[in-house]
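Participant: This is the content of coords.txt (compact mmCIF, C-alpha atoms and all ligand atoms):
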```
# COMPACT_ATOMS: atom_id res chain seq x y z
CA MET A 27 0.00 0.00 0.00
CA ASP A 28 1.17 3.55 -0.66
CA THR A 29 2.54 5.47 2.27
CA LEU A 30 1.83 8.95 3.59
CA THR A 31 4.90 10.52 5.16
CA ILE A 32 4.23 12.67 8.21
CA GLY A 33 6.28 15.65 9.35
CA LEU A 34 5.19 16.86 12.80
CA VAL A 35 6.07 20.29 14.22
CA GLY A 36 5.71 20.49 18.02
CA SER A 37 5.70 17.63 20.50
CA GLY A 38 3.75 19.00 23.45
CA PHE A 39 0.19 18.04 24.42
CA MET A 40 -1.15 18.08 20.87
CA GLY A 41 2.00 16.90 19.11
CA ARG A 42 1.86 13.70 21.15
CA ALA A 43 -1.84 13.31 20.30
CA HIS A 44 -1.07 13.73 16.57
CA ALA A 45 1.69 11.13 16.76
CA GLN A 46 -0.53 8.62 18.55
CA ALA A 47 -3.34 9.16 16.07
CA PHE A 48 -1.16 8.70 12.98
CA ARG A 49 0.37 5.58 14.53
CA ALA A 50 -3.01 4.05 15.43
CA VAL A 51 -5.22 4.99 12.51
CA GLY A 52 -3.96 2.41 9.99
CA GLY A 53 -4.64 -0.46 12.36
CA LEU A 54 -8.19 0.65 13.07
CA PHE A 55 -9.56 1.81 9.74
CA ASP A 56 -9.34 0.58 6.17
CA LEU A 57 -7.35 3.41 4.59
CA PRO A 58 -6.01 4.11 1.11
CA LEU A 59 -2.58 5.14 2.49
CA THR A 60 -0.40 4.07 5.41
CA PRO A 61 0.90 6.99 7.53
CA VAL A 62 4.59 6.81 8.35
CA LEU A 63 6.00 8.86 11.25
CA ASP A 64 9.05 10.32 9.54
CA LEU A 65 10.34 13.71 10.64
CA LEU A 66 9.73 15.61 13.88
CA SER A 67 10.69 19.20 14.55
CA ASP A 68 10.68 21.10 17.82
CA ARG A 69 12.11 24.36 19.10
CA ASP A 70 15.66 23.00 19.20
CA ALA A 71 17.52 19.91 18.03
CA ALA A 72 17.85 18.33 21.48
CA THR A 73 14.11 18.60 22.23
CA ALA A 74 13.31 17.30 18.76
CA ALA A 75 15.71 14.35 19.13
CA GLN A 76 14.22 13.32 22.45
CA ALA A 77 10.64 13.65 21.20
CA ALA A 78 11.35 11.83 17.94
CA ALA A 79 12.75 8.86 19.89
CA ALA A 80 9.84 8.87 22.35
CA LEU A 81 7.12 9.20 19.72
CA GLY A 82 8.61 6.86 17.12
CA PHE A 83 9.73 9.27 14.39
CA ARG A 84 12.63 8.19 12.15
CA ARG A 85 14.29 11.60 11.92
CA HIS A 86 14.33 14.93 13.73
CA THR A 87 15.31 18.56 13.18
CA GLY A 88 15.46 21.69 15.32
CA ASP A 89 14.26 23.83 12.41
CA TRP A 90 10.69 23.64 11.13
CA ARG A 91 11.79 25.25 7.85
CA ALA A 92 13.94 22.20 7.12
CA LEU A 93 10.95 19.94 7.82
CA VAL A 94 8.67 21.90 5.51
CA ALA A 95 11.27 21.87 2.72
CA ASP A 96 12.03 18.16 3.06
CA PRO A 97 11.01 16.43 -0.18
CA ALA A 98 10.09 13.20 1.63
CA VAL A 99 7.37 14.85 3.75
CA ASP A 100 3.80 14.63 2.39
CA VAL A 101 1.87 16.09 5.34
CA VAL A 102 2.96 18.87 7.68
CA ALA A 103 1.18 18.52 11.03
CA ILE A 104 1.32 21.72 13.08
CA ALA A 105 1.05 21.42 16.87
CA THR A 106 2.93 24.53 17.96
CA PRO A 107 1.85 27.66 19.83
CA ASN A 108 -0.64 29.56 17.67
CA ARG A 109 1.65 32.27 16.31
CA LEU A 110 3.59 29.67 14.32
CA HIS A 111 0.54 28.20 12.58
CA ALA A 112 0.45 30.75 9.74
CA PRO A 113 4.17 30.87 8.85
CA ILE A 114 4.52 27.08 8.97
CA ALA A 115 1.29 26.41 7.06
CA LEU A 116 2.05 29.01 4.38
CA ALA A 117 5.56 27.61 3.86
CA ALA A 118 4.21 24.05 3.76
CA ILE A 119 1.53 24.95 1.22
CA ALA A 120 4.09 26.75 -0.95
CA ALA A 121 6.11 23.52 -0.90
CA GLY A 122 2.99 21.59 -2.01
CA LYS A 123 2.43 19.77 1.30
CA HIS A 124 -0.92 18.84 2.77
CA VAL A 125 -1.45 20.56 6.14
CA TYR A 126 -3.03 19.36 9.37
CA CYS A 127 -3.11 22.37 11.69
CA GLU A 128 -4.20 22.75 15.28
CA LYS A 129 -6.88 25.24 16.24
CA PRO A 130 -7.26 28.18 16.35
CA LEU A 131 -6.23 28.39 12.71
CA ALA A 132 -4.28 31.64 13.11
CA THR A 133 -3.72 34.61 15.39
CA THR A 134 -5.49 37.06 13.07
CA LEU A 135 -8.40 36.72 10.66
CA ALA A 136 -6.17 38.13 7.88
CA ASP A 137 -3.65 35.31 8.42
CA ALA A 138 -6.45 32.72 8.49
CA ARG A 139 -7.78 34.04 5.18
CA ALA A 140 -4.31 34.03 3.63
CA MET A 141 -3.85 30.40 4.72
CA MET A 142 -7.20 29.40 3.24
CA ALA A 143 -6.52 31.22 -0.04
CA ALA A 144 -3.04 29.71 -0.38
CA ALA A 145 -4.28 26.18 0.33
CA GLU A 146 -7.15 26.45 -2.15
CA ALA A 147 -4.93 27.97 -4.86
CA ARG A 148 -2.36 25.21 -4.42
CA GLY A 149 -5.00 22.44 -4.18
CA VAL A 150 -3.61 20.80 -1.04
CA VAL A 151 -5.78 19.02 1.53
CA THR A 152 -6.15 20.81 4.87
CA LEU A 153 -7.61 19.77 8.21
CA VAL A 154 -7.96 21.70 11.47
CA GLY A 155 -7.94 20.08 14.92
CA PHE A 156 -11.50 20.59 16.06
CA ASN A 157 -11.43 17.00 17.30
CA TYR A 158 -14.60 17.20 19.41
CA LEU A 159 -16.65 17.27 16.20
CA LYS A 160 -15.38 13.73 15.51
CA ASN A 161 -17.14 12.16 18.49
CA PRO A 162 -19.55 9.38 17.39
CA MET A 163 -22.17 10.91 19.72
CA ILE A 164 -21.82 14.26 17.96
CA ALA A 165 -22.33 12.44 14.65
CA LEU A 166 -25.50 11.06 16.22
CA ALA A 167 -26.56 14.52 17.41
CA ARG A 168 -26.15 15.86 13.88
CA GLU A 169 -28.06 12.91 12.45
CA ILE A 170 -30.94 13.58 14.89
CA VAL A 171 -31.00 17.28 13.99
CA GLU A 172 -30.94 16.54 10.24
CA SER A 173 -33.67 13.91 10.55
CA GLY A 174 -36.08 16.50 11.93
CA ASP A 175 -36.82 14.24 14.91
CA ILE A 176 -36.55 17.19 17.31
CA GLY A 177 -38.28 19.57 14.88
CA THR A 178 -36.83 22.90 13.83
CA VAL A 179 -33.80 24.00 15.82
CA THR A 180 -34.61 27.22 17.65
CA GLY A 181 -31.92 27.53 20.30
CA PHE A 182 -28.32 26.60 21.14
CA ARG A 183 -26.76 27.28 24.54
CA GLY A 184 -23.10 26.37 24.27
CA ILE A 185 -20.21 26.60 26.71
CA HIS A 186 -16.60 25.56 26.86
CA ALA A 187 -15.43 25.95 30.44
CA GLU A 188 -12.29 24.64 32.13
CA ASP A 189 -10.40 25.77 35.23
CA PHE A 190 -6.76 25.37 34.28
CA MET A 191 -6.21 29.16 34.59
CA ALA A 192 -8.50 29.68 37.59
CA ASP A 193 -5.63 30.12 40.04
CA PRO A 194 -4.27 33.68 39.64
CA ALA A 195 -0.88 32.21 40.60
CA HIS A 196 -0.89 30.15 37.40
CA PRO A 197 2.04 31.60 35.46
CA PHE A 198 1.87 33.60 32.27
CA THR A 199 2.19 31.27 29.23
CA TRP A 200 2.02 31.71 25.46
CA ARG A 201 -1.76 31.28 25.87
CA CYS A 202 -1.80 34.72 27.59
CA GLU A 203 -0.03 36.54 24.75
CA PRO A 204 -2.36 38.64 22.56
CA ASP A 205 -0.22 38.04 19.47
CA ASN A 206 -0.42 34.29 20.07
CA ALA A 207 -4.25 34.35 19.84
CA GLY A 208 -4.27 34.23 23.60
CA GLY A 209 -7.40 34.20 25.71
CA ALA A 210 -10.22 31.82 26.51
CA LEU A 211 -12.28 32.72 23.44
CA ALA A 212 -9.55 31.73 20.97
CA ASP A 213 -8.17 28.85 23.00
CA ILE A 214 -11.31 26.97 23.96
CA GLY A 215 -14.18 29.17 22.74
CA SER A 216 -13.14 28.21 19.20
CA HIS A 217 -14.18 24.62 20.00
CA ILE A 218 -17.73 25.54 21.06
CA LEU A 219 -18.07 27.91 18.08
CA ALA A 220 -17.06 24.99 15.83
CA MET A 221 -19.63 22.79 17.54
CA ALA A 222 -22.40 25.40 17.16
CA ARG A 223 -21.65 25.74 13.45
CA HIS A 224 -21.44 21.96 13.01
CA LEU A 225 -24.86 21.35 14.55
CA VAL A 226 -26.88 24.50 13.83
CA GLY A 227 -25.11 26.25 10.94
CA ASP A 228 -23.45 29.58 10.34
CA ILE A 229 -23.61 32.31 12.97
CA THR A 230 -24.60 35.61 11.36
CA ALA A 231 -24.64 38.15 14.21
CA VAL A 232 -23.09 38.41 17.68
CA ALA A 233 -23.14 40.59 20.78
CA GLY A 234 -20.02 39.79 22.76
CA ARG A 235 -18.46 40.59 26.12
CA LEU A 236 -14.86 39.73 27.04
CA HIS A 237 -13.59 39.87 30.61
CA THR A 238 -10.03 39.79 31.93
CA VAL A 239 -10.49 38.67 35.52
CA HIS A 240 -6.81 38.27 36.48
CA PRO A 241 -4.92 41.26 35.01
CA GLY A 242 -1.48 39.97 35.98
CA ARG A 243 0.18 36.54 36.32
CA PRO A 244 3.60 35.45 37.61
CA VAL A 245 6.24 35.54 34.90
CA MET A 246 6.98 31.91 35.76
CA ALA A 247 5.85 29.39 38.35
CA GLY A 248 6.55 30.66 41.84
CA ALA A 249 8.05 33.99 40.69
CA ALA A 250 7.24 37.17 42.59
CA GLY A 251 7.24 39.35 39.45
CA THR A 252 4.10 39.48 37.37
CA ARG A 253 3.37 40.14 33.72
CA PRO A 254 0.23 42.05 32.70
CA VAL A 255 -2.55 40.03 31.07
CA THR A 256 -4.87 41.73 28.59
CA VAL A 257 -6.55 38.71 26.99
CA ASP A 258 -9.92 37.39 28.12
CA ASP A 259 -10.31 34.88 30.96
CA GLN A 260 -13.96 34.52 30.10
CA ALA A 261 -16.08 35.45 27.08
CA HIS A 262 -19.81 35.55 26.52
CA ALA A 263 -21.83 36.16 23.38
CA LEU A 264 -25.43 36.26 22.28
CA VAL A 265 -25.59 34.74 18.81
CA GLU A 266 -27.98 34.57 15.87
CA PHE A 267 -27.76 31.77 13.32
CA ALA A 268 -28.50 31.93 9.58
CA ASN A 269 -31.45 29.55 10.05
CA GLY A 270 -33.14 31.87 12.55
CA ALA A 271 -32.09 30.04 15.73
CA THR A 272 -30.64 32.12 18.56
CA GLY A 273 -28.39 31.24 21.43
CA THR A 274 -25.45 31.90 23.68
CA ILE A 275 -21.77 31.00 23.62
CA THR A 276 -19.57 31.05 26.72
CA ALA A 277 -15.87 30.36 27.04
CA SER A 278 -13.98 30.38 30.33
CA TRP A 279 -10.68 28.99 31.50
CA ILE A 280 -11.27 30.12 35.09
CA ALA A 281 -14.49 28.15 35.68
CA GLN A 282 -13.68 26.65 39.09
CA GLY A 283 -14.40 22.93 39.15
CA ARG A 284 -14.94 22.51 35.42
CA LYS A 285 -12.31 20.29 33.84
CA MET A 286 -13.76 19.86 30.35
CA GLN A 287 -17.24 21.33 30.13
CA LEU A 288 -17.56 21.57 26.39
CA ALA A 289 -21.31 21.35 26.66
CA PHE A 290 -24.48 22.41 24.94
CA GLU A 291 -28.23 22.21 24.97
CA LEU A 292 -29.73 22.33 21.53
CA VAL A 293 -33.46 22.98 21.51
CA GLY A 294 -35.86 22.16 18.70
CA THR A 295 -39.62 22.57 18.37
CA LYS A 296 -40.18 18.87 19.17
CA GLY A 297 -37.29 18.00 21.47
CA SER A 298 -33.81 18.77 22.76
CA ILE A 299 -30.30 17.35 22.84
CA ALA A 300 -27.94 17.82 25.78
CA PHE A 301 -24.24 16.95 25.82
CA THR A 302 -21.10 17.48 27.86
CA GLN A 303 -17.59 16.41 26.92
CA GLU A 304 -17.01 15.35 30.55
CA ARG A 305 -19.30 12.40 29.73
CA PHE A 306 -18.69 12.29 26.01
CA ASN A 307 -19.77 8.71 25.44
CA GLU A 308 -23.33 9.79 26.24
CA LEU A 309 -25.93 11.90 24.48
CA ARG A 310 -29.09 13.01 26.23
CA LEU A 311 -32.18 13.22 24.06
CA TYR A 312 -35.60 14.62 24.87
CA GLN A 313 -38.53 14.11 22.54
CA SER A 314 -41.78 15.79 23.47
CA GLY A 315 -45.04 13.88 23.71
CA GLY A 316 -44.03 11.33 26.33
CA PRO A 317 -46.59 10.00 28.79
CA ALA A 318 -47.57 12.42 31.55
CA GLY A 319 -45.42 11.92 34.61
CA ARG A 320 -42.77 9.93 32.67
CA ASP A 321 -41.77 12.60 30.24
CA GLY A 322 -38.05 13.47 30.26
CA PHE A 323 -34.56 13.15 28.82
CA ARG A 324 -33.13 9.71 28.13
CA THR A 325 -29.45 8.89 27.94
CA ILE A 326 -28.07 7.15 24.86
CA VAL A 327 -24.76 5.39 25.51
CA ALA A 328 -22.15 5.13 22.73
CA GLY A 329 -21.77 1.79 21.02
CA PRO A 330 -20.72 0.18 17.74
CA GLU A 331 -23.96 1.34 16.09
CA HIS A 332 -22.58 4.87 16.26
CA ARG A 333 -20.21 6.06 13.56
CA ASP A 334 -16.53 5.06 14.06
CA TYR A 335 -17.00 3.70 17.62
CA GLY A 336 -16.92 0.09 16.41
CA ALA A 337 -13.39 0.51 15.04
CA PHE A 338 -12.21 0.89 18.63
CA CYS A 339 -14.51 -1.46 20.50
CA PRO A 340 -17.21 -3.99 19.54
CA ALA A 341 -19.10 -3.57 22.81
CA PRO A 342 -21.44 -0.69 23.73
CA GLY A 343 -20.85 1.31 26.90
CA HIS A 344 -17.16 0.47 27.15
CA GLN A 345 -16.27 3.99 25.98
CA ILE A 346 -13.70 5.56 23.71
CA GLY A 347 -11.24 8.29 24.80
CA PHE A 348 -9.87 11.68 23.80
CA ASN A 349 -7.04 10.28 21.68
CA ASP A 350 -9.54 8.16 19.77
CA LEU A 351 -11.25 11.39 18.62
CA LYS A 352 -7.88 12.52 17.27
CA THR A 353 -7.56 9.19 15.46
CA ILE A 354 -10.97 9.63 13.83
CA GLU A 355 -9.89 13.15 12.86
CA VAL A 356 -6.73 11.87 11.17
CA LYS A 357 -8.76 9.24 9.28
CA ALA A 358 -10.57 12.07 7.45
CA LEU A 359 -7.22 13.55 6.41
CA VAL A 360 -5.78 10.27 5.13
CA GLU A 361 -8.97 9.45 3.22
CA ALA A 362 -9.06 12.88 1.55
CA ILE A 363 -5.39 12.72 0.53
CA GLY A 364 -5.91 9.17 -0.75
CA ALA A 365 -8.78 10.39 -2.91
CA VAL A 366 -6.76 13.32 -4.24
CA ARG A 367 -3.85 11.00 -5.09
CA ALA A 368 -6.32 8.79 -6.96
CA GLY A 369 -7.29 11.81 -9.05
CA ARG A 370 -10.58 12.60 -7.33
CA LYS A 371 -11.61 15.93 -5.84
CA ALA A 372 -11.81 15.65 -2.06
CA ALA A 373 -11.63 17.73 1.10
CA ALA A 374 -11.26 16.88 4.76
CA TYR A 375 -13.62 18.44 7.30
CA PRO A 376 -13.22 20.85 9.00
CA ASP A 377 -10.72 22.38 6.59
CA PHE A 378 -9.11 25.83 6.44
CA ARG A 379 -12.29 27.28 4.91
CA ASP A 380 -14.40 25.99 7.82
CA ALA A 381 -11.82 27.17 10.36
CA CYS A 382 -11.72 30.59 8.73
CA GLU A 383 -15.46 30.94 9.28
CA ILE A 384 -14.96 30.07 12.97
CA GLU A 385 -12.16 32.68 13.20
CA ARG A 386 -14.50 35.21 11.64
CA VAL A 387 -17.16 34.68 14.30
CA ALA A 388 -14.55 34.90 17.08
CA GLU A 389 -13.28 38.15 15.56
CA ALA A 390 -16.86 39.48 15.36
CA ILE A 391 -17.24 38.74 19.08
CA ARG A 392 -14.01 40.69 19.79
CA VAL A 393 -15.17 43.67 17.71
CA SER A 394 -18.57 43.57 19.38
CA ALA A 395 -17.00 43.52 22.85
CA ARG A 396 -14.71 46.41 21.96
CA GLU A 397 -17.43 48.54 20.39
CA ARG A 398 -20.18 47.39 22.78
CA ARG A 399 -22.72 46.73 20.01
CA TRP A 400 -24.16 43.90 17.87
CA ILE A 401 -21.95 42.94 14.93
CA GLU A 402 -23.09 41.29 11.69
CA VAL A 403 -20.50 38.60 11.00
CA ALA A 404 -20.62 39.35 7.26
CA THR A 405 -19.14 42.81 7.96
CA VAL A 406 -16.01 41.37 9.56
N1 LIG B 501 -7.47 20.22 19.55
C1 LIG B 501 -7.36 20.30 20.84
O1 LIG B 501 -8.17 19.77 21.59
C2 LIG B 501 -6.20 21.06 21.42
C3 LIG B 501 -5.84 20.89 22.77
C4 LIG B 501 -4.71 21.59 23.23
C5 LIG B 501 -4.00 22.42 22.38
N2 LIG B 501 -4.42 22.57 21.09
C6 LIG B 501 -3.67 23.44 20.16
O2 LIG B 501 -2.45 22.79 19.84
C7 LIG B 501 -1.40 23.74 19.68
C8 LIG B 501 -0.28 23.38 20.63
O3 LIG B 501 -0.77 23.39 21.95
P1 LIG B 501 -0.15 22.44 23.07
O4 LIG B 501 -1.11 22.43 24.22
O5 LIG B 501 0.28 21.16 22.48
O6 LIG B 501 1.12 23.31 23.46
P2 LIG B 501 2.44 22.83 24.16
O7 LIG B 501 3.03 24.06 24.74
O8 LIG B 501 2.19 21.64 25.01
O9 LIG B 501 3.34 22.33 22.93
C9 LIG B 501 3.84 23.20 21.96
C10 LIG B 501 5.02 22.53 21.28
O10 LIG B 501 5.52 23.37 20.25
C11 LIG B 501 6.93 23.43 20.37
N3 LIG B 501 7.49 24.64 19.77
C12 LIG B 501 7.53 25.90 20.28
N4 LIG B 501 8.19 26.71 19.43
C13 LIG B 501 8.57 25.94 18.36
C14 LIG B 501 9.29 26.21 17.18
N5 LIG B 501 9.77 27.42 16.89
N6 LIG B 501 9.49 25.18 16.30
C15 LIG B 501 9.04 23.95 16.56
N7 LIG B 501 8.35 23.65 17.70
C16 LIG B 501 8.12 24.63 18.58
C17 LIG B 501 7.16 23.36 21.88
O11 LIG B 501 8.50 23.05 22.22
C18 LIG B 501 6.18 22.24 22.23
O12 LIG B 501 6.72 20.96 21.94
C19 LIG B 501 -2.02 25.10 19.94
O13 LIG B 501 -2.37 25.68 18.72
C20 LIG B 501 -3.26 24.79 20.75
O14 LIG B 501 -4.28 25.74 20.58
C21 LIG B 501 -5.48 21.90 20.60
```
Would you write the structure of this file as structure tokens?
Ligand SMILES: NC(=O)c1ccc[n+]([C@@H]2O[C@H](COP(=O)([O-])OP(=O)(O)OC[C@H]3O[C@@H](n4cnc5c(N)ncnc54)[C@H](O)[C@@H]3O)[C@@H](O)[C@H]2O)c1
Facilitator:
Amino acid sequence: MDTLTIGLVGSGFMGRAHAQAFRAVGGLFDLPLTPVLDLLSDRDAATAAQAAAALGFRRHTGDWRALVADPAVDVVAIATPNRLHAPIALAAIAAGKHVYCEKPLATTLADARAMMAAAEARGVVTLVGFNYLKNPMIALAREIVESGDIGTVTGFRGIHAEDFMADPAHPFTWRCEPDNAGGALADIGSHILAMARHLVGDITAVAGRLHTVHPGRPVMAGAAGTRPVTVDDQAHALVEFANGATGTITASWIAQGRKMQLAFELVGTKGSIAFTQERFNELRLYQSGGPAGRDGFRTIVAGPEHRDYGAFCPAPGHQIGFNDLKTIEVKALVEAIGAVRAGRKAAAYPDFRDACEIERVAEAIRVSARERRWIEVATV
């Protein structure tokens, strides 16, 4: 079988998840190409060497430019701090590589648009790491919405809340830098915006509010000196969708007690769906018209009947995990590249175009918060 040579930039939280996914995907799914972990780059040669050995890459380099220019590399996977997404992706596209980039796509909407335009002009496959969309229970949620079983969607209340920055003594990191797309809205709000778009459709207008709760953080763990923080710790927005539904979006990284509350309630005229990533092998469904006194939500547990779950486990209720979502994500990339190599037109989802739309809504929320008024997304 033909191979697909992977070049990975960054070996932190997400770099490791990318490596695991590329290693696992061929054994789980019937794919047109076999991914090969080839070249790993990190901020310096020593870090790259250590990570390449640990993650099973054949080669390493301390310079991402060398990775992007390497003729053997077919796919450039970007798992670096956000400010490097655009330069690495643009260089990779110019070299004719397919690109798998972590979210948020870029640090500015202009960069995101340039990345999308370059990828489309060059005809490479792109994929962005909105892995939560790949959950079999989210596929089920979308299927229920599209079937009309809960009627017309009228409302979406979405939140992505965690508490990893709740302690004001948590040090300043790249996630706090404005020019690194810092802040809760970009970092985790982008995930719930992607989910809203995936299930309800495009957001057309927003009224946003951003809030910096901790205006200074230690320069490093335990340090007495602090560095000012200007990015948002929490963000809220009222939103209107193209299909007439309305709703709210919240993002917070200081939500005490919440470890992974990427959650929503989606309300239709005949029922509702409720979900939280903290219990992501479950979907709660309400359909109106139940018998009086026994009317209520029921919990559907993930099993092999749900898309992609069966590749991991033949038994219902045994549950899949976070890294499995990344593996399902990578499957879409390999399939799309396989189709393109076979001469067919194909795209992975969500690609740079989809991610650009998500960036646009996030930017509209920022403009709205700054100008303290509703913003039509089309004007951004
Ligand atoms: N999809 C998700 O669920 C998810 C979760 C976490 C993070 N992310 C995204 O993944 C990206 C990385 O986040 P993370 O949590 O893995 O960060 P991290 O800090 O754990 O890892 C970043 C990696 O990039 C490397 N790096 C820094 N500068 C570099 C350079 N010049 N050249 C090469 N490598 C360099 C670092 O050494 C490190 O290995 C971000 O864009 C983030 O938003 C996505």
Participant: Would you compute the distance between CA of Ala358 (chain A) and CA of Ala373 (chain A)? Give it in Å to one decimal.
Facilitator: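 Spanning CA of Ala358 (chain A) to CA of Ala373 (chain A) is a straight-line distance of 8.6 Å.
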Participant: Write out as a ChimeraX atom specification which residues come within 6 Å of region 394-397 of chain A when counting all atoms listed in the file, dropping same-chain ones fewer than 5 positions away.
Facilitator: /A:233-235
Participant: Please check which protein, DNA or RNA residues sit within 7 Å of ligand LIG 501 (chain B), counting all atoms listed in the file, and write them as a ChimeraX atom specification.
Facilitator: /A:35-41,67-69,88-90,105-108,128-130,155-157,213
Participant: Any idea what the distance is between CA of Ala271 (chain A) and CA of Ala328 (chain A)?
Facilitator: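 CA of Ala328 (chain A) lies at a distance of 27.7 Å from CA of Ala271 (chain A).
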Participant: State, in Å with one decimal place, the distance from CA of Asn206 (chain A) to CA of Gly33 (chain A).
Facilitator: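 Computing the Euclidean distance for CA of Asn206 (chain A) and CA of Gly33 (chain A) yields 22.5 Å.
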Participant: Quick one: contact table of region 101-212 of chain A to region 296-319 of chain A, 8 Å max, nearest atom pair and distance in Å to one decimal per residue, counting only C-alpha atoms, chain and number order, as JSON lines?
Facilitator:
```
{"residue": "A:Asn161", "atom": "CA", "partner": "A:Phe306", "partner_atom": "CA", "distance": 7.7}
{"residue": "A:Met163", "atom": "CA", "partner": "A:Leu309", "partner_atom": "CA", "distance": 6.1}
{"residue": "A:Ala167", "atom": "CA", "partner": "A:Ile299", "partner_atom": "CA", "distance": 7.2}
{"residue": "A:Asp175", "atom": "CA", "partner": "A:Lys296", "partner_atom": "CA", "distance": 7.1}
{"residue": "A:Ile176", "atom": "CA", "partner": "A:Gly297", "partner_atom": "CA", "distance": 4.3}
{"residue": "A:Gly177", "atom": "CA", "partner": "A:Lys296", "partner_atom": "CA", "distance": 4.7}
{"residue": "A:Thr178", "atom": "CA", "partner": "A:Lys296", "partner_atom": "CA", "distance": 7.5}
```
Participant: Which neighbours of Pro58 (chain A) fall inside 8 Å, counting only C-alpha atoms, when residues of the same chain fewer than 3 positions from it are skipped, and could you give them as a PyMOL selection string?
Facilitator: chain A and resi 27-28+360-361+364-365
Participant: Restricting the calculation to only C-alpha atoms: of A:Cys202, A:Val393, A:Ile354, A:Ile229, which residue gets closest to Pro254 (chain A)?
Facilitator: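 Residue with the minimum atom-to-atom distance to Pro254 (chain A): A:Cys202.
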Participant: Please return, as a list in words, all polymer residues that have at least one atom within 9 Å of the point (2.5, 22.9, -1.3); use all atoms listed in the file and the file's own coordinate frame.
Facilitator: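 Checking each residue against the 9 Å limit leaves Leu116, Ala117, Ala118, Ile119, Ala120, Ala121, Gly122, Lys123, His124, Val125, Ala144, Ala145, Arg148, Gly149 and Val150 of chain A.
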Participant: Determine, counting all atoms listed in the file, which protein, DNA and RNA residues have an atom within 10 Å of an atom of Asp56 (chain A); residues of the same chain fewer than 5 positions away are not included. Present the result as a CSV table (one decimal) with C-alpha atoms, in the frame of the given file.
Facilitator:
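out.csv written:
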```
chain,number,residue,atom,x,y,z
A,51,VAL,CA,-5.2,5.0,12.5
A,337,ALA,CA,-13.4,0.5,15.0
A,357,LYS,CA,-8.8,9.2,9.3
A,361,GLU,CA,-9.0,9.4,3.2
```
Participant: With only C-alpha atoms as the counted atoms, please give the residues lying no more than 12 Å from Lys160 (chain A), apart from itself and same-chain residues fewer than 3 positions off, as an NGL selection string.
Facilitator: :A and (154-157 or 163-168 or 217 or 220-221 or 224 or 303 or 306-307 or 332-335 or 346-358 or 374-376)
Participant: For a quick check of your reading of the model, name the residues lying within 12 Å of the coordinate (-16.6, 28.0, 26.2), counting only C-alpha atoms, and write them as a PyMOL selection string.
Facilitator: chain A and resi 183-189+209-222+236+258-263+274-281+284-290+302-303+388
Participant: I'd like the neighbourhood of Pro244 (chain A) as a count of residues only, where a residue qualifies if any of its atoms comes within 9 Å (using only C-alpha atoms), though same-chain residues fewer than 2 positions away should be ignored.
Facilitator: 15
Participant: Taking all atoms listed in the file into account, name the residue in A:Leu359, A:Val255, A:Leu264, A:Ala372 that is nearest to Cys127 (chain A).
Facilitator: A:Leu359
Participant: Would you mind putting N, CA and C atoms back on region 211-222 of chain A and writing the result as an mmCIF file, in the frame of the given file?
Facilitator:
```cif
data_model
loop_
_atom_site.group_PDB
_atom_site.id
_atom_site.type_symbol
_atom_site.label_atom_id
_atom_site.label_comp_id
_atom_site.auth_asym_id
_atom_site.auth_seq_id
_atom_site.Cartn_x
_atom_site.Cartn_y
_atom_site.Cartn_z
ATOM 1 N N LEU A 211 -11.439 32.813 24.650
ATOM 2 C CA LEU A 211 -12.280 32.720 23.440
ATOM 3 C C LEU A 211 -11.554 31.985 22.325
ATOM 4 N N ALA A 212 -10.308 32.386 22.043
ATOM 5 C CA ALA A 212 -9.550 31.730 20.970
ATOM 6 C C ALA A 212 -9.168 30.315 21.354
ATOM 7 N N ASP A 213 -8.753 30.130 22.592
ATOM 8 C CA ASP A 213 -8.170 28.850 23.000
ATOM 9 C C ASP A 213 -9.224 27.755 23.083
ATOM 10 N N ILE A 214 -10.302 28.021 23.812
ATOM 11 C CA ILE A 214 -11.310 26.970 23.960
ATOM 12 C C ILE A 214 -12.667 27.385 23.384
ATOM 13 N N GLY A 215 -12.922 28.709 23.347
ATOM 14 C CA GLY A 215 -14.180 29.170 22.740
ATOM 15 C C GLY A 215 -14.281 28.741 21.288
ATOM 16 N N SER A 216 -13.114 28.632 20.610
ATOM 17 C CA SER A 216 -13.140 28.210 19.200
ATOM 18 C C SER A 216 -13.769 26.821 19.068
ATOM 19 N N HIS A 217 -13.592 25.970 20.070
ATOM 20 C CA HIS A 217 -14.180 24.620 20.000
ATOM 21 C C HIS A 217 -15.720 24.674 20.063
ATOM 22 N N ILE A 218 -16.250 25.522 20.943
ATOM 23 C CA ILE A 218 -17.730 25.540 21.060
ATOM 24 C C ILE A 218 -18.336 26.298 19.870
ATOM 25 N N LEU A 219 -17.583 27.257 19.310
ATOM 26 C CA LEU A 219 -18.070 27.910 18.080
ATOM 27 C C LEU A 219 -18.102 26.887 16.937
ATOM 28 N N ALA A 220 -17.081 26.034 16.871
ATOM 29 C CA ALA A 220 -17.060 24.990 15.830
ATOM 30 C C ALA A 220 -18.234 24.041 16.008
ATOM 31 N N MET A 221 -18.519 23.711 17.262
ATOM 32 C CA MET A 221 -19.630 22.790 17.540
ATOM 33 C C MET A 221 -20.978 23.420 17.158
ATOM 34 N N ALA A 222 -21.148 24.698 17.496
ATOM 35 C CA ALA A 222 -22.400 25.400 17.160
ATOM 36 C C ALA A 222 -22.616 25.394 15.654
#
```
